[in-house]
Amino acid sequence: MKFRFSILCSFIILASGPEAYCGNAQDQTLLLKFYEKDTVTVLITDSGLGGIAVCADIELRCRSEHPFSTVKIVFCNALPESDYGYNMMRTTEEKVKVFSDALSGMTTNYSPDIILIACNTLSVLYNQTQYSRNASIPVISIVNIGVELMSRALIADASSTVIIFGTETTIEADSHRSMLINSGVAKERIITQSCPDLAGEIQADASSDAVATMIGFYGDDAVNKLPPSRGTLYASLCCTHYGYAGDQFRAVLNRSGRAKTVLIDPTRSMSDVIFLKGSAIRYRSTMTTVTVVSRADITPQETHSISTLIERQSPSTARALVSFELKKDLFEFTRK
């Protein structure tokens, strides 16, 4: 049975494009082994609470798709301290070291079968970490997923343009743009827009005036960089927080004068890696639990803000966020 299921996994992954999930053959092999398991621990990490949306989506889909007999969903906030995020760190070396230590601590504490990096800021750092050199489980980057979505859209529509919205670290790394160019997209069709402090404001209150003002400012700035065209405008929200304010991004971009604007939100596609397309339901039901853990303090305002946004989709994820575990020994960290 396992042999047949392994063949099925191989066929489905090859049919749907492994590059959407894994960067090399070794990672694809690890992913195949993951699919053969009955009970799994799925660890999602982010430098904040944006990636909670991925937890909510996985929990929701487990209720109907039943990919495993038991799924333990663990969300680990990779933020070292509440007042010291990755975009505040002065060097790339420091960011890489902190994230590598975070992954090591998470793995030691929770023994995950797969790690989903639901954060563009952290994804662009991952390949430089010590952890990546010794990883024995599949580690999935949201950057690969986002680039795959953008590439498909842009190649299918030669008159289209894309704006990549992201944090300072994400935009400075230039990974999305470089990968799109390598896939054959002309650089003139790719606009990048850094959005300093926006993720934090969304986490505090996605409906605040500050968020609306920031999105208006950054959106207008990006639109002003666009080349002359009436083709479709794609906007890729390359920060997991930004999806919570998708309607506000759409409203600003609708002022661009383009005939059509389309949002691309890689966060909404990340859970696909857990659920094989085209495969039969393996179990009658899936027992699912959700745990949220953070080394950094999370304020009641932040947990209320994000839990309210996901409560209808996944009540259990919302409850786990509100009652999160503050774990100061989640990973080692010394502030420089």
# chains A, B, ... in the order shown; residues from 1 in each chain; ligands from 1

call {"tool": "select_by_dssp", "arguments": {"residues": "region 75-307 of chain A", "states": "strand (DSSP E)", "output": "ChimeraX atom specification"}}
result
/A:75-77,114-117,139-141,161-166,190-194,233-237,261-264,287-294

call {"tool": "residues_around", "arguments": {"residues": "Ser64 (chain A)", "least_positions_apart": "6", "cutoff": "10 Å", "atoms": "only C-alpha atoms", "output": "ChimeraX atom specification"}}
result
/A:281,284-286

call {"tool": "select_by_dssp", "arguments": {"residues": "region 144-290 of chain A", "states": "helix (DSSP H, G or I)", "output": "MDAnalysis selection string"}}
result
chainID A and resid 144:156 168:173 175:182 187:189 198:204 209:223 242:256 266:274

call {"tool": "write_last_selection", "arguments": {"atoms": "C-alpha atoms", "output": "PDB file, in the first residue's frame"}}
result
ATOM      1  CA  ASN A 144       8.951  29.771  -4.218  1.00  0.00           C
ATOM      2  CA  ILE A 145       5.163  29.590  -4.095  1.00  0.00           C
ATOM      3  CA  GLY A 146       4.764  33.311  -4.740  1.00  0.00           C
ATOM      4  CA  VAL A 147       7.196  33.318  -7.654  1.00  0.00           C
ATOM      5  CA  GLU A 148       5.435  30.332  -9.216  1.00  0.00           C
ATOM      6  CA  LEU A 149       2.062  32.117  -9.024  1.00  0.00           C
ATOM      7  CA  MET A 150       3.460  35.340 -10.491  1.00  0.00           C
ATOM      8  CA  SER A 151       5.404  33.562 -13.218  1.00  0.00           C
ATOM      9  CA  ARG A 152       2.356  31.658 -14.448  1.00  0.00           C
ATOM     10  CA  ALA A 153       0.252  34.809 -14.576  1.00  0.00           C
ATOM     11  CA  LEU A 154       2.854  36.993 -16.281  1.00  0.00           C
ATOM     12  CA  ILE A 155       3.893  34.428 -18.881  1.00  0.00           C
ATOM     13  CA  ALA A 156       0.262  33.727 -19.776  1.00  0.00           C
ATOM     14  CA  GLU A 168      12.385  46.051   3.608  1.00  0.00           C
ATOM     15  CA  THR A 169      14.305  42.779   3.988  1.00  0.00           C
ATOM     16  CA  THR A 170      12.212  41.038   1.326  1.00  0.00           C
ATOM     17  CA  ILE A 171      12.603  43.809  -1.242  1.00  0.00           C
ATOM     18  CA  GLU A 172      16.303  44.359  -0.524  1.00  0.00           C
ATOM     19  CA  ALA A 173      16.999  40.631  -1.009  1.00  0.00           C
ATOM     20  CA  SER A 175      14.766  37.191  -4.630  1.00  0.00           C
ATOM     21  CA  HIS A 176      11.294  37.419  -6.188  1.00  0.00           C
ATOM     22  CA  ARG A 177      12.362  39.781  -8.971  1.00  0.00           C
ATOM     23  CA  SER A 178      15.522  37.804  -9.757  1.00  0.00           C
ATOM     24  CA  MET A 179      13.652  34.509  -9.921  1.00  0.00           C
ATOM     25  CA  LEU A 180      10.992  36.004 -12.185  1.00  0.00           C
ATOM     26  CA  ILE A 181      13.642  37.361 -14.548  1.00  0.00           C
ATOM     27  CA  ASN A 182      15.307  33.939 -14.611  1.00  0.00           C
ATOM     28  CA  LYS A 187      12.552  43.184 -15.805  1.00  0.00           C
ATOM     29  CA  GLU A 188      10.573  46.188 -17.083  1.00  0.00           C
ATOM     30  CA  ARG A 189       7.369  44.331 -16.174  1.00  0.00           C
ATOM     31  CA  LEU A 198       3.122  48.135   7.501  1.00  0.00           C
ATOM     32  CA  ALA A 199       3.200  44.542   8.797  1.00  0.00           C
ATOM     33  CA  GLY A 200       3.354  45.701  12.406  1.00  0.00           C
ATOM     34  CA  GLU A 201       0.458  48.115  11.948  1.00  0.00           C
ATOM     35  CA  ILE A 202      -1.674  45.399  10.336  1.00  0.00           C
ATOM     36  CA  GLN A 203      -0.887  43.042  13.209  1.00  0.00           C
ATOM     37  CA  ALA A 204      -2.007  45.686  15.701  1.00  0.00           C
ATOM     38  CA  ASP A 209      -6.468  54.589   9.838  1.00  0.00           C
ATOM     39  CA  ALA A 210      -2.686  54.084   9.975  1.00  0.00           C
ATOM     40  CA  VAL A 211      -2.946  50.954   7.823  1.00  0.00           C
ATOM     41  CA  ALA A 212      -5.204  52.692   5.306  1.00  0.00           C
ATOM     42  CA  THR A 213      -2.829  55.662   5.096  1.00  0.00           C
ATOM     43  CA  MET A 214       0.242  53.465   4.623  1.00  0.00           C
ATOM     44  CA  ILE A 215      -1.352  51.314   1.930  1.00  0.00           C
ATOM     45  CA  GLY A 216      -2.514  54.443   0.132  1.00  0.00           C
ATOM     46  CA  PHE A 217       0.989  55.923   0.240  1.00  0.00           C
ATOM     47  CA  TYR A 218       2.881  52.774  -0.758  1.00  0.00           C
ATOM     48  CA  GLY A 219       0.296  51.818  -3.356  1.00  0.00           C
ATOM     49  CA  ASP A 220       0.362  55.207  -5.044  1.00  0.00           C
ATOM     50  CA  ASP A 221       4.169  55.189  -4.986  1.00  0.00           C
ATOM     51  CA  ALA A 222       4.214  51.807  -6.737  1.00  0.00           C
ATOM     52  CA  VAL A 223       1.615  52.829  -9.315  1.00  0.00           C
ATOM     53  CA  TYR A 242      -0.739  42.019   3.829  1.00  0.00           C
ATOM     54  CA  GLY A 243      -3.455  39.507   2.957  1.00  0.00           C
ATOM     55  CA  TYR A 244      -5.447  40.697   5.956  1.00  0.00           C
ATOM     56  CA  ALA A 245      -5.704  44.082   4.217  1.00  0.00           C
ATOM     57  CA  GLY A 246      -6.260  42.770   0.694  1.00  0.00           C
ATOM     58  CA  ASP A 247      -9.377  44.834   0.053  1.00  0.00           C
ATOM     59  CA  GLN A 248      -7.496  48.021   0.882  1.00  0.00           C
ATOM     60  CA  PHE A 249      -4.689  47.140  -1.529  1.00  0.00           C
ATOM     61  CA  ARG A 250      -7.253  46.378  -4.226  1.00  0.00           C
ATOM     62  CA  ALA A 251      -9.010  49.722  -3.724  1.00  0.00           C
ATOM     63  CA  VAL A 252      -5.766  51.670  -4.121  1.00  0.00           C
ATOM     64  CA  LEU A 253      -4.629  49.715  -7.178  1.00  0.00           C
ATOM     65  CA  ASN A 254      -7.979  50.198  -8.875  1.00  0.00           C
ATOM     66  CA  ARG A 255      -6.930  53.850  -9.199  1.00  0.00           C
ATOM     67  CA  SER A 256      -4.034  52.835 -11.467  1.00  0.00           C
ATOM     68  CA  PRO A 266       0.799  33.364  -1.840  1.00  0.00           C
ATOM     69  CA  THR A 267      -0.398  32.852   1.738  1.00  0.00           C
ATOM     70  CA  ARG A 268      -3.668  31.423   0.441  1.00  0.00           C
ATOM     71  CA  SER A 269      -1.783  28.846  -1.637  1.00  0.00           C
ATOM     72  CA  MET A 270       0.735  27.670   0.952  1.00  0.00           C
ATOM     73  CA  SER A 271      -1.533  25.066   2.521  1.00  0.00           C
ATOM     74  CA  ASP A 272      -1.685  23.271  -0.853  1.00  0.00           C
ATOM     75  CA  VAL A 273       1.606  21.564  -0.030  1.00  0.00           C
ATOM     76  CA  ILE A 274      -0.138  19.549   2.710  1.00  0.00           C
TER      77      ILE A 274
END

call {"tool": "residues_around", "arguments": {"residues": "Ser47 (chain A)", "least_positions_apart": "5", "cutoff": "6 Å", "atoms": "only C-alpha atoms", "output": "list of chain:residue names"}}
result
A:Asn77, A:Ala78, A:Leu79

call {"tool": "closest_residue", "arguments": {"among": "A:Ser82, A:Asn87, A:Thr129, A:Ser160", "to": "Lys328 (chain A)", "atoms": "only C-alpha atoms"}}
result
A:Ser82

call {"tool": "residues_around", "arguments": {"residues": "Cys119 (chain A)", "least_positions_apart": "6", "cutoff": "9 Å", "atoms": "only C-alpha atoms", "output": "VMD selection string"}}
result
chain A and resid 45 to 48 50 to 51 141 to 143 238 to 241 267

call {"tool": "write_last_selection", "arguments": {"atoms": "C-alpha atoms", "output": "PDB file, in the first residue's frame"}}
result
ATOM      1  CA  THR A  45       6.753  29.900  11.325  1.00  0.00           C
ATOM      2  CA  ASP A  46       6.675  33.625  10.662  1.00  0.00           C
ATOM      3  CA  SER A  47       8.331  36.767  12.037  1.00  0.00           C
ATOM      4  CA  GLY A  48       5.004  37.830  13.529  1.00  0.00           C
ATOM      5  CA  GLY A  50       0.781  36.867   9.511  1.00  0.00           C
ATOM      6  CA  GLY A  51       1.364  33.160   9.015  1.00  0.00           C
ATOM      7  CA  SER A 141       9.495  28.555   1.388  1.00  0.00           C
ATOM      8  CA  ILE A 142       6.614  30.886   0.593  1.00  0.00           C
ATOM      9  CA  VAL A 143       8.909  32.737  -1.832  1.00  0.00           C
ATOM     10  CA  CYS A 238       4.708  39.196  -0.476  1.00  0.00           C
ATOM     11  CA  CYS A 239       4.193  39.528   3.251  1.00  0.00           C
ATOM     12  CA  THR A 240       1.738  37.232   5.024  1.00  0.00           C
ATOM     13  CA  HIS A 241       0.326  40.174   6.971  1.00  0.00           C
ATOM     14  CA  THR A 267      -0.398  32.852   1.738  1.00  0.00           C
TER      15      THR A 267
END

call {"tool": "atom_distance", "arguments": {"atom1": "CA of Ala296 (chain A)", "atom2": "CA of Met89 (chain A)"}}
result
15.5 Å

call {"tool": "residues_around", "arguments": {"residues": "Arg282 (chain A)", "least_positions_apart": "2", "cutoff": "8 Å", "atoms": "only C-alpha atoms", "output": "list in words"}}
result
His66, Pro67, Phe68, Ala280 and Arg284 of chain A

call {"tool": "closest_residue", "arguments": {"among": "A:Leu32, A:Cys195, A:Ile137, A:Ala118", "to": "Ala53 (chain A)", "atoms": "only C-alpha atoms"}}
result
A:Ala118
